[in-house]
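Pasting protein.txt here (compact mmCIF, C-alpha atoms):
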# COMPACT_ATOMS: atom_id res chain seq x y z
CA MET A 292 25.65 -27.21 -9.08
CA PRO A 293 23.01 -29.15 -7.08
CA VAL A 294 21.25 -32.01 -8.89
CA ALA A 295 17.91 -30.80 -10.27
CA PRO A 296 14.74 -32.94 -10.15
CA ARG A 297 14.12 -34.77 -13.43
CA HIS A 298 11.27 -32.49 -14.54
CA LEU A 299 13.54 -29.47 -14.07
CA ALA A 300 16.50 -30.98 -15.92
CA TRP A 301 15.92 -28.59 -18.83
CA LEU A 302 16.34 -25.68 -16.42
CA ALA A 303 19.63 -27.04 -15.11
CA LEU A 304 20.85 -27.51 -18.68
CA LEU A 305 19.83 -23.99 -19.59
CA ALA A 306 21.57 -22.60 -16.49
CA GLN A 307 24.69 -24.57 -17.38
CA GLN A 308 24.74 -23.16 -20.90
CA MET A 309 23.75 -19.55 -20.13
CA GLY A 310 25.15 -19.16 -16.65
CA GLU A 311 22.75 -18.77 -13.71
CA PRO A 312 22.85 -14.94 -13.54
CA MET A 313 21.95 -14.57 -17.21
CA LEU A 314 19.21 -17.15 -16.81
CA VAL A 315 17.66 -15.02 -14.05
CA VAL A 316 17.96 -11.87 -16.18
CA TRP A 317 16.38 -13.56 -19.21
CA SER A 318 13.62 -15.05 -17.06
CA LEU A 319 12.73 -11.62 -15.69
CA ALA A 320 12.86 -10.08 -19.15
CA THR A 321 10.62 -12.85 -20.53
CA TYR A 322 8.14 -12.38 -17.65
CA ALA A 323 8.06 -8.62 -18.28
CA GLY A 324 7.70 -9.05 -22.06
CA ILE A 325 4.82 -11.50 -21.80
CA GLY A 326 3.31 -9.32 -19.07
CA LEU A 327 3.36 -6.26 -21.29
CA ALA A 328 1.71 -8.11 -24.18
CA VAL A 329 -0.95 -9.71 -21.95
CA GLY A 330 -1.46 -6.42 -20.07
CA VAL A 331 -2.08 -4.35 -23.18
CA ALA A 332 -4.41 -6.99 -24.65
CA PHE A 333 -6.29 -7.29 -21.35
CA VAL A 334 -6.94 -3.59 -20.86
CA LEU A 335 -8.01 -3.20 -24.49
CA ALA A 336 -10.26 -6.24 -24.72
CA ALA A 337 -11.30 -7.60 -21.35
CA ALA A 338 -10.75 -5.18 -18.45
CA PRO A 339 -14.26 -3.63 -18.43
CA ARG A 340 -15.95 -7.05 -18.14
CA ALA A 341 -13.42 -8.74 -15.85
CA LEU A 342 -15.09 -7.44 -12.68
CA GLY A 343 -18.26 -9.38 -13.32
CA HIS A 344 -20.20 -6.29 -14.40
CA ALA A 345 -19.77 -3.83 -17.23
CA ALA A 346 -17.50 -1.10 -15.83
CA ALA A 347 -16.75 2.08 -17.74
CA ILE A 348 -13.01 2.79 -17.95
CA THR A 349 -11.67 5.98 -19.52
CA PRO A 350 -8.67 5.76 -21.92
CA GLY A 351 -6.46 7.25 -19.18
CA GLY A 352 -7.81 4.71 -16.73
CA ARG A 353 -6.96 1.89 -19.14
CA ALA A 354 -3.40 3.17 -19.50
CA MET A 355 -3.07 3.17 -15.70
CA LEU A 356 -4.10 -0.49 -15.59
CA VAL A 357 -1.34 -1.75 -17.91
CA PRO A 358 1.44 -1.94 -15.25
CA GLY A 359 -0.80 -3.85 -12.84
CA ALA A 360 -1.96 -6.26 -15.55
CA ALA A 361 1.66 -6.77 -16.64
CA VAL A 362 2.77 -7.56 -13.08
CA LEU A 363 -0.18 -9.89 -12.39
CA TRP A 364 -0.29 -11.41 -15.88
CA PRO A 365 -0.43 -15.09 -14.88
CA LEU A 366 -3.51 -14.41 -12.71
CA VAL A 367 -5.00 -12.04 -15.29
CA LEU A 368 -4.55 -14.55 -18.11
CA TRP A 369 -5.89 -17.46 -16.06
CA ARG A 370 -9.04 -15.56 -15.06
CA TRP A 371 -9.49 -14.20 -18.59
CA VAL A 372 -9.30 -17.69 -20.14
CA ARG A 373 -11.69 -19.05 -17.51
CA GLN A 374 -14.15 -16.23 -18.16
CA THR A 375 -14.18 -16.80 -21.90
CA MET B 146 -17.97 4.50 -6.09
CA SER B 147 -17.42 1.57 -8.42
CA VAL B 148 -19.45 2.52 -11.49
CA GLY B 149 -16.54 3.79 -13.58
CA PHE B 150 -12.76 4.09 -13.47
CA GLN B 151 -10.51 6.90 -14.57
CA ALA B 152 -6.75 7.44 -14.43
CA VAL B 153 -6.79 9.60 -11.30
CA GLN B 154 -9.77 11.01 -9.42
CA TRP B 155 -8.45 14.52 -9.06
CA ASN B 156 -9.89 17.17 -6.80
CA ARG B 157 -8.48 20.40 -5.43
CA ALA B 158 -7.17 18.79 -2.22
CA LYS B 159 -5.39 16.03 -4.15
CA ILE B 160 -3.79 18.48 -6.56
CA THR B 161 -2.55 20.60 -3.63
CA TYR B 162 -1.25 17.49 -1.85
CA ASP B 163 0.63 16.32 -4.94
CA LEU B 164 2.11 19.75 -5.64
CA VAL B 165 3.38 20.03 -2.06
CA LEU B 166 4.77 16.49 -2.28
CA ALA B 167 6.56 17.21 -5.58
CA ALA B 168 7.98 20.45 -4.16
CA CYS B 169 9.28 18.66 -1.04
CA VAL B 170 10.91 15.92 -3.14
CA ALA B 171 12.55 18.46 -5.48
CA LEU B 172 13.74 20.52 -2.49
CA TYR B 173 15.22 17.45 -0.77
CA LEU B 174 17.04 16.28 -3.90
CA GLY B 175 18.40 19.78 -4.55
CA VAL B 176 19.57 20.32 -0.97
CA PHE B 177 21.08 16.81 -0.73
CA MET B 178 23.08 17.30 -3.92
CA ALA B 179 24.18 20.82 -2.99
CA ILE B 180 25.41 19.73 0.45
CA THR B 181 27.18 16.65 -0.92
CA ILE B 182 28.94 18.66 -3.63
CA SER B 183 29.94 21.41 -1.21
CA ALA B 184 31.42 18.81 1.17
CA GLN B 185 33.76 17.48 -1.52
CA ALA B 186 37.38 18.55 -1.74
CA PRO B 187 37.80 21.61 -4.00
CA GLY B 188 38.49 20.61 -7.59
CA ALA B 189 37.51 16.97 -7.08
CA PRO B 190 35.43 15.61 -9.97
CA ILE B 191 31.74 15.08 -9.27
CA ASP B 192 30.46 11.55 -9.79
CA TRP B 193 26.94 12.47 -10.90
CA THR B 194 25.75 8.87 -11.13
CA ASP B 195 26.84 8.15 -7.57
CA LEU B 196 25.30 11.43 -6.42
CA ARG B 197 21.95 10.57 -8.04
CA LEU B 198 22.14 7.05 -6.61
CA LYS B 199 22.49 8.39 -3.06
CA ALA B 200 20.01 11.25 -3.48
CA PHE B 201 17.22 9.05 -4.91
CA GLY B 202 17.94 6.23 -2.45
CA SER B 203 17.89 8.39 0.66
CA CYS B 204 14.82 10.26 -0.61
CA ALA B 205 12.93 6.99 -1.23
CA PHE B 206 13.89 5.70 2.23
CA LEU B 207 12.71 8.89 3.95
CA MET B 208 9.46 8.89 1.95
CA LEU B 209 8.81 5.24 2.88
CA SER B 210 9.43 6.05 6.54
CA VAL B 211 7.04 9.02 6.41
CA ILE B 212 4.38 6.87 4.67
CA LEU B 213 4.60 4.30 7.45
CA CYS B 214 4.26 7.04 10.08
CA ILE B 215 1.09 8.53 8.56
CA GLY B 216 -1.24 5.69 9.65
CA PRO B 217 -0.34 5.72 13.36
CA LEU B 218 -0.11 9.52 13.43
CA ALA B 219 -3.66 9.80 12.07
CA ARG B 220 -4.84 7.38 14.76
CA LEU B 221 -3.12 9.42 17.47
CA SER B 222 -4.38 12.81 16.30
CA PRO B 223 -6.99 13.85 13.71
CA LYS B 224 -4.70 16.76 12.79
CA PHE B 225 -2.74 14.31 10.64
CA LEU B 226 -5.75 13.00 8.71
CA PRO B 227 -5.11 15.28 5.70
CA LEU B 228 -1.83 13.39 5.20
CA LEU B 229 -3.77 10.14 5.04
CA TYR B 230 -6.24 11.21 2.34
CA ASN B 231 -3.82 10.94 -0.57
CA ARG B 232 -1.30 8.45 0.74
CA ARG B 233 -1.66 6.37 -2.44
CA HIS B 234 0.01 9.10 -4.53
CA PHE B 235 2.72 9.41 -1.88
CA GLY B 236 3.37 5.67 -2.20
CA VAL B 237 3.57 5.73 -5.99
CA ALA B 238 5.95 8.72 -5.87
CA MET B 239 8.13 6.83 -3.39
CA ALA B 240 8.20 3.76 -5.67
CA VAL B 241 9.30 6.01 -8.55
CA MET B 242 12.16 7.38 -6.39
CA ALA B 243 13.16 3.82 -5.44
CA ALA B 244 13.10 2.79 -9.11
CA LEU B 245 15.31 5.77 -10.03
CA HIS B 246 17.71 4.68 -7.27
CA GLY B 247 17.76 1.14 -8.71
CA TRP B 248 18.27 2.42 -12.22
CA SER B 249 21.14 4.68 -11.05
CA MET B 250 22.82 1.60 -9.61
CA PHE B 251 22.71 -0.15 -13.00
CA GLU B 252 23.89 3.07 -14.64
CA TRP B 253 26.86 3.14 -12.26
CA TYR B 254 27.88 -0.44 -13.13
CA ILE B 255 27.28 0.14 -16.87
CA GLY B 256 29.32 3.38 -16.71
CA LEU B 257 32.29 1.51 -15.26
CA GLY B 258 31.78 -1.37 -17.70
CA VAL B 259 31.50 -3.88 -14.85
CA LEU B 260 27.86 -4.97 -15.10
CA PRO B 261 28.85 -8.68 -15.25
CA SER B 262 30.58 -8.28 -11.87
CA LEU B 263 27.22 -7.27 -10.36
CA LEU B 264 25.65 -10.47 -11.65
CA GLU B 265 28.58 -12.49 -10.29
CA GLU B 266 28.33 -10.75 -6.92
CA LEU B 267 24.62 -11.49 -6.65
CA SER B 268 24.92 -15.09 -7.77
CA ASN B 269 27.83 -16.17 -5.57
CA PRO B 270 26.33 -18.45 -2.88
CA ALA B 271 29.38 -18.04 -0.62
CA VAL B 272 28.73 -14.34 0.08
CA TYR B 273 25.20 -15.03 1.32
CA ALA B 274 26.67 -16.87 4.30
CA ARG B 275 28.56 -13.78 5.47
CA PHE B 276 27.25 -10.89 7.55
CA ILE B 277 29.90 -8.36 6.55
CA GLY B 278 30.04 -8.74 2.78
CA PHE B 279 26.43 -9.91 2.38
CA PRO B 280 25.21 -8.71 -1.04
CA PHE B 281 22.95 -6.01 0.39
CA LYS B 282 21.88 -4.99 -3.12
CA VAL B 283 19.77 -8.10 -3.39
CA LEU B 284 17.69 -6.88 -0.41
CA GLY B 285 17.20 -3.54 -2.13
CA MET B 286 16.15 -5.26 -5.35
CA ALA B 287 13.64 -7.48 -3.54
CA ALA B 288 12.20 -4.45 -1.72
CA LEU B 289 12.01 -2.55 -5.03
CA ALA B 290 10.13 -5.46 -6.61
CA ILE B 291 7.56 -5.39 -3.78
CA LEU B 292 7.18 -1.60 -4.00
CA LEU B 293 6.74 -1.72 -7.79
CA VAL B 294 4.06 -4.42 -7.53
CA MET B 295 2.27 -2.29 -4.96
CA ALA B 296 2.56 0.84 -7.10
CA ALA B 297 1.32 -1.02 -10.20
CA THR B 298 -1.77 -2.24 -8.34
CA SER B 299 -2.51 1.07 -6.57
CA HIS B 300 -5.73 1.64 -8.46
CA ASP B 301 -9.37 1.10 -7.46
CA TYR B 302 -9.73 -1.32 -10.36
CA TRP B 303 -7.16 -3.73 -8.92
CA GLN B 304 -8.70 -3.42 -5.49
CA GLN B 305 -12.00 -4.67 -6.95
CA TYR B 306 -10.34 -7.22 -9.21
CA LEU B 307 -8.37 -8.88 -6.39
CA GLY B 308 -10.96 -8.30 -3.66
CA PRO B 309 -10.38 -6.06 -0.60
CA ARG B 310 -8.80 -8.75 1.55
CA ALA B 311 -6.28 -10.00 -1.02
CA TRP B 312 -5.49 -6.44 -2.10
CA LYS B 313 -4.91 -5.34 1.48
CA THR B 314 -2.70 -8.38 2.17
CA LEU B 315 -0.65 -7.61 -0.93
CA HIS B 316 -0.20 -4.00 0.18
CA MET B 317 0.78 -4.98 3.72
CA GLY B 318 3.94 -6.10 1.93
CA VAL B 319 5.13 -2.54 2.53
CA TYR B 320 6.29 -3.67 5.98
CA VAL B 321 8.33 -6.51 4.47
CA ALA B 322 9.82 -4.05 1.98
CA TYR B 323 10.64 -1.61 4.80
CA GLY B 324 12.44 -4.33 6.76
CA MET B 325 14.47 -5.24 3.67
CA VAL B 326 15.30 -1.60 3.00
CA VAL B 327 16.50 -1.08 6.59
CA MET B 328 18.75 -4.13 6.25
CA HIS B 329 19.86 -2.95 2.78
CA VAL B 330 20.93 0.38 4.26
CA ALA B 331 22.50 -1.10 7.40
CA LEU B 332 24.54 -3.75 5.59
CA GLY B 333 25.53 -1.26 2.90
CA VAL B 334 26.80 1.16 5.53
CA LEU B 335 28.76 -1.57 7.29
CA GLN B 336 30.60 -2.18 4.04
CA LYS B 337 31.34 1.50 3.48
CA PRO B 338 32.34 2.96 6.86
CA GLY B 339 32.63 6.72 7.10
CA ASP B 340 29.15 7.66 5.88
CA VAL B 341 27.29 9.12 8.86
CA PHE B 342 24.17 10.53 7.18
CA MET B 343 22.48 7.30 6.06
CA PRO B 344 23.01 5.35 9.32
CA ALA B 345 21.71 8.34 11.26
CA ILE B 346 18.52 8.78 9.24
CA SER B 347 17.90 5.03 8.93
CA PHE B 348 18.11 4.32 12.66
CA LEU B 349 16.22 7.51 13.52
CA SER B 350 13.41 6.71 11.10
CA LEU B 351 13.24 3.07 12.24
CA GLY B 352 12.91 4.29 15.82
CA VAL B 353 10.21 6.82 14.93
CA VAL B 354 8.21 4.31 12.84
CA ALA B 355 8.37 1.63 15.56
CA THR B 356 7.54 4.07 18.38
CA LEU B 357 4.53 5.55 16.58
CA HIS B 358 3.13 2.10 15.79
CA LEU B 359 3.56 1.03 19.41
CA MET B 360 1.93 4.25 20.69
CA ALA B 361 -1.06 3.90 18.36
CA GLY B 362 -1.43 0.22 19.20
CA TRP B 363 -1.18 0.88 22.94
CA ARG B 364 -3.81 3.60 22.75
CA GLU B 365 -6.27 1.44 20.83
CA TRP B 366 -5.62 -1.57 23.04
CA GLY B 367 -6.39 0.53 26.11
CA GLY B 368 -9.79 1.47 24.69
CA ASP B 369 -10.80 -2.01 23.59
CA ARG B 370 -13.97 -3.58 25.00
CA ASN B 371 -14.05 -7.26 24.31
CA ASP B 372 -17.38 -7.79 26.03
CA THR B 373 -19.67 -10.38 24.51
CA ALA B 374 -22.78 -9.36 26.48
CA GLU B 375 -25.90 -8.60 24.44
CA TRP B 376 -25.77 -4.90 25.29
CA VAL B 377 -22.52 -3.14 26.06
CA ALA B 378 -22.55 0.20 27.92
CA LEU B 379 -20.47 2.80 26.08
CA PHE B 380 -20.46 6.53 26.90
CA PRO B 381 -22.82 9.53 26.87
CA PRO B 382 -23.75 10.53 23.29
CA ALA B 383 -22.57 14.09 23.92
CA SER B 384 -19.02 12.74 24.29
CA ILE B 385 -18.99 12.12 20.53
CA ALA B 386 -18.03 15.27 18.64
CA ASP B 387 -20.75 16.39 16.24
CA GLN B 388 -20.33 14.94 12.71
CA ALA B 389 -17.55 12.66 13.95
CA ALA B 390 -17.16 9.27 15.61
CA ARG B 391 -15.70 7.40 18.53
CA ILE B 392 -14.27 3.96 17.85
CA VAL B 393 -14.89 1.05 20.22
CA THR B 394 -14.06 -2.64 20.10
CA ALA B 395 -16.91 -4.92 21.09
CA GLY B 396 -17.44 -8.57 20.31
CA GLY B 397 -13.92 -8.59 18.86
CA GLU B 398 -14.85 -6.10 16.12
CA ARG B 399 -13.90 -2.46 15.75
CA ILE B 400 -17.06 -0.36 15.54
CA ALA B 401 -17.44 3.35 14.77
CA ILE B 402 -20.18 5.23 16.68
CA PHE B 403 -21.05 8.34 14.66
CA ARG B 404 -23.14 11.34 15.72
CA ASP B 405 -24.72 13.85 13.35
CA GLY B 406 -26.70 16.30 15.47
CA ALA B 407 -29.26 14.18 17.30
CA MET B 408 -28.78 11.13 15.07
CA VAL B 409 -26.40 8.42 16.30
CA ALA B 410 -25.43 5.28 14.38
CA ALA B 411 -22.98 2.42 14.78
CA VAL B 412 -21.27 0.89 11.73
CA THR B 413 -18.26 -1.31 11.17
CA ASN B 414 -15.05 0.68 11.29
CA LEU B 415 -13.86 -0.94 8.04
CA CYS B 416 -14.62 0.84 4.79
CA ALA B 417 -15.99 -1.50 2.11
CA HIS B 418 -13.47 -0.06 -0.35
CA GLN B 419 -10.04 -0.74 1.16
CA GLN B 420 -10.95 -1.38 4.79
CA GLY B 421 -9.91 2.16 5.69
CA PRO B 422 -10.68 3.44 9.21
CA LEU B 423 -14.16 4.92 8.77
CA GLY B 424 -14.26 6.13 12.37
CA GLU B 425 -11.51 8.62 11.54
CA GLY B 426 -13.76 10.16 8.88
CA ARG B 427 -16.48 12.82 9.09
CA VAL B 428 -20.22 13.01 8.51
CA ILE B 429 -20.98 15.37 5.63
CA ASP B 430 -24.53 15.92 4.34
CA GLY B 431 -25.78 12.88 6.23
CA CYS B 432 -23.08 10.59 4.83
CA ILE B 433 -20.05 9.05 6.52
CA VAL B 434 -16.99 9.92 4.42
CA CYS B 435 -14.02 7.53 4.57
CA PRO B 436 -10.80 9.44 5.29
CA TRP B 437 -8.78 7.35 2.85
CA HIS B 438 -10.50 7.76 -0.50
CA GLY B 439 -13.72 9.64 0.20
CA TYR B 440 -16.13 6.69 -0.11
CA GLN B 441 -19.54 7.69 1.27
CA TYR B 442 -22.18 5.79 3.23
CA ARG B 443 -25.52 7.04 4.54
CA LEU B 444 -25.47 7.35 8.33
CA SER B 445 -29.04 6.07 8.54
CA ASP B 446 -28.43 2.63 6.98
CA GLY B 447 -24.75 2.25 5.99
CA CYS B 448 -25.55 2.16 2.25
CA ALA B 449 -23.54 4.12 -0.33
CA PRO B 450 -25.80 6.64 -2.10
CA ALA B 451 -27.03 5.65 -5.60
CA PRO B 452 -25.68 4.74 -8.11
CA PHE B 453 -23.05 3.13 -5.86
CA THR B 454 -23.73 -0.23 -4.26
CA GLU B 455 -21.36 -0.68 -1.29
CA LYS B 456 -22.94 -1.43 2.11
CA LEU B 457 -21.63 -1.49 5.66
CA ALA B 458 -22.63 -3.76 8.52
CA THR B 459 -24.62 -1.74 11.08
CA TYR B 460 -25.22 -2.28 14.80
CA ARG B 461 -28.16 -1.63 17.15
CA LEU B 462 -27.84 1.20 19.65
CA ARG B 463 -30.04 2.36 22.53
CA LEU B 464 -29.93 5.02 25.22
CA ARG B 465 -30.16 3.95 28.90
CA ASP B 466 -29.76 6.39 31.77
CA GLY B 467 -27.97 8.90 29.57
CA MET B 468 -25.49 6.29 28.30
CA LEU B 469 -25.33 4.79 24.84
CA GLU B 470 -25.52 1.00 24.74
CA LEU B 471 -24.43 -1.13 21.79
CA ASP B 472 -25.49 -4.60 20.69
CA PRO B 473 -22.17 -6.00 19.39
CA ARG B 474 -23.85 -8.50 17.04
CA PRO B 475 -23.65 -7.05 13.50
CA LEU B 476 -26.80 -6.58 11.44
CA ALA B 477 -26.85 -7.43 7.74
CA PRO B 478 -25.00 -4.78 5.69
CA GLY B 479 -27.31 -1.91 4.79
CA THR B 480 -29.81 -2.50 7.64
CA PRO B 481 -31.21 0.82 8.95
CA ALA B 482 -30.18 1.09 12.62
CA ALA B 483 -29.56 4.78 13.39
CA ILE B 484 -31.42 6.24 16.36
CA THR B 485 -32.53 9.81 16.97
CA LEU B 486 -31.93 11.05 20.48
CA PRO B 487 -33.78 13.70 22.43
CA ALA B 488 -31.97 17.07 22.34
CA LEU B 489 -28.44 16.67 23.72

Once more with this new file: its structure as structure tokens, please.
Amino acid sequence: MPVAPRHLAWLALLAQQMGEPMLVVWSLATYAGIGLAVGVAFVLAAAPRALGHAAAITPGGRAMLVPGAAVLWPLVLWRWVRQT
Amino acid sequence: MSVGFQAVQWNRAKITYDLVLAACVALYLGVFMAITISAQAPGAPIDWTDLRLKAFGSCAFLMLSVILCIGPLARLSPKFLPLLYNRRHFGVAMAVMAALHGWSMFEWYIGLGVLPSLLEELSNPAVYARFIGFPFKVLGMAALAILLVMAATSHDYWQQYLGPRAWKTLHMGVYVAYGMVVMHVALGVLQKPGDVFMPAISFLSLGVVATLHLMAGWREWGGDRNDTAEWVALFPPASIADQAARIVTAGGERIAIFRDGAMVAAVTNLCAHQQGPLGEGRVIDGCIVCPWHGYQYRLSDGCAPAPFTEKLATYRLRLRDGMLELDPRPLAPGTPAAITLPAL
């Protein structure tokens, strides 16, 4: 295994203990899990005001936004925190 | 067009489009499975997971190829514009097919109890250095990830949230995904010789997609006018079909010259919504209608009718010796610039 930079040593240790494939799988699952939680919270609480003006969004429209918010959750969360 | 958001903005045309699309997909899957089963040796057991894997995969690939053909086809002939109007639903349906293909792959490995071998195959650095034996599945997974991100953000809300330019850039990723899918298919076939169908349709579709893009690009390049003079001579106004447009390039920008009866106006060819090709749209009730998602702008000043707020850059026009002339310097978005001509 290549030597990891010091600040990523924890990642190398984790990969050593879990195995690299499982680390990738768990990373993706963690990203998706956080994304789902952030996505649902965003569409329920912040989506109508996140465009800079009060936008009306129907319940069906909100449901359609969850996948996008889950995929883009780091950006969504960053902008949400900045806005509040 | 941005006052409120709903799940899907249905209308009769969209419902018809989606029903035809669903029927075509169901027909393809049925025919593919029937032909594959009938080609098997009598009495041989049917591997349903493998059958679904191939049916969904080939269907997604064909749908992606058709999606990429729609843009250039619509530029080459307005007959294909109806295919363009609801391309977003086509794209989401294709991503669903691709996801079903991906899921079938996992199902196949789980069914055989060899899922860990998939992880080992994908994480072995040595195989990435090979051509024959390259883990082609990783290309398919990367393409699927791009397609799913695009499908998840295929909503007007995300277009406004990200901004038109960033949204468009993100969705141009379809070409990256297509390249990966072509390589996924080609490398997969090289590892399983004997299958004729997938190589045939993959190389045929790649050829058709590339040829159509080159044809559309050649045609537009031939009509470009990169003049920077203050006034650029164009064509007689009567050469523009009523309630339609001709597209020119002047000052490095693509500009749509619309005619509605005796009124002629020049606006940017890029829709304020998703930068769709406005010049391929129509004028209905005094408004330019974008062919992609039906966004409307008044011909007289390029403003969307109330309560919507989008505006287009307009351009000055004049008539000299029976020819339209255009000032290629854009006016501020929403500036009235249409002219009314004497009877044509």

Could you list, as a list in words, every residue within 7 Å of B:Leu293, counting all atoms listed in the file and ignoring same-chain residues fewer than 4 positions away?
Ala240, Leu289 and Ala297 of chain B

Please report as an MDAnalysis selection string which residues of chain B come no farther than 6 Å from chain A, using only C-alpha atoms.
chainID B and resid 148:152 264 297:298 306

Using C-alpha atoms, can you write the selected residues to a file as a PDB file, in the coordinates of the input?
ATOM      1  CA  VAL B 148     -19.450   2.520 -11.490  1.00  0.00           C
ATOM      2  CA  GLY B 149     -16.540   3.790 -13.580  1.00  0.00           C
ATOM      3  CA  PHE B 150     -12.760   4.090 -13.470  1.00  0.00           C
ATOM      4  CA  GLN B 151     -10.510   6.900 -14.570  1.00  0.00           C
ATOM      5  CA  ALA B 152      -6.750   7.440 -14.430  1.00  0.00           C
ATOM      6  CA  LEU B 264      25.650 -10.470 -11.650  1.00  0.00           C
ATOM      7  CA  ALA B 297       1.320  -1.020 -10.200  1.00  0.00           C
ATOM      8  CA  THR B 298      -1.770  -2.240  -8.340  1.00  0.00           C
ATOM      9  CA  TYR B 306     -10.340  -7.220  -9.210  1.00  0.00           C
TER      10      TYR B 306
END

Choose the residue, out of B:Ala390, B:Cys435, B:Val428, B:Val294, that has the smallest atom-to-atom separation from B:Leu229; count only C-alpha atoms.
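Closest residue, counting only C-alpha atoms: B:Cys435.
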
If the box runs along x, y and z of the file and leaves 8 Å on each side of stretch 315-331 of chain A, what are its centre and edge lengths in Å, one decimal, as AutoDock Vina command-line options?
--center_x 7.9 --center_y -9.7 --center_z -19.1 --size_x 36.0 --size_y 26.7 --size_z 26.1

Counting only C-alpha atoms, which residues sit no farther than 7 Å from the position (17.6, 10.0, -5.8) in the file's frame? I'd like them as an mmCIF file with C-alpha atoms, keeping the file's coordinate frame.
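Output below, filename point-v1.cif:
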data_model
loop_
_atom_site.group_PDB
_atom_site.id
_atom_site.type_symbol
_atom_site.label_atom_id
_atom_site.label_comp_id
_atom_site.auth_asym_id
_atom_site.auth_seq_id
_atom_site.Cartn_x
_atom_site.Cartn_y
_atom_site.Cartn_z
ATOM 1 C CA LEU B 174 17.040 16.280 -3.900
ATOM 2 C CA ARG B 197 21.950 10.570 -8.040
ATOM 3 C CA LEU B 198 22.140 7.050 -6.610
ATOM 4 C CA LYS B 199 22.490 8.390 -3.060
ATOM 5 C CA ALA B 200 20.010 11.250 -3.480
ATOM 6 C CA PHE B 201 17.220 9.050 -4.910
ATOM 7 C CA GLY B 202 17.940 6.230 -2.450
ATOM 8 C CA SER B 203 17.890 8.390 0.660
ATOM 9 C CA CYS B 204 14.820 10.260 -0.610
ATOM 10 C CA MET B 242 12.160 7.380 -6.390
ATOM 11 C CA LEU B 245 15.310 5.770 -10.030
ATOM 12 C CA HIS B 246 17.710 4.680 -7.270
#

Separation of atom CA of B:Arg443 from atom CA of B:Ala458, in Å and rounded to one decimal:
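According to the coordinates, atom CA of B:Arg443 and atom CA of B:Ala458 are separated by 11.9 Å.
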
Shortest interatomic distance to B:Gly285 - which of B:Leu359, B:Ala383, B:Ile400, B:Ala244, counting all atoms listed in the file:
B:Ala244

Report, in Å to a single decimal, how far apart atom CA of B:Trp376 and atom CA of B:Pro436 are.
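One can read the atom CA of B:Pro436 to atom CA of B:Trp376 distance as 28.8 Å.
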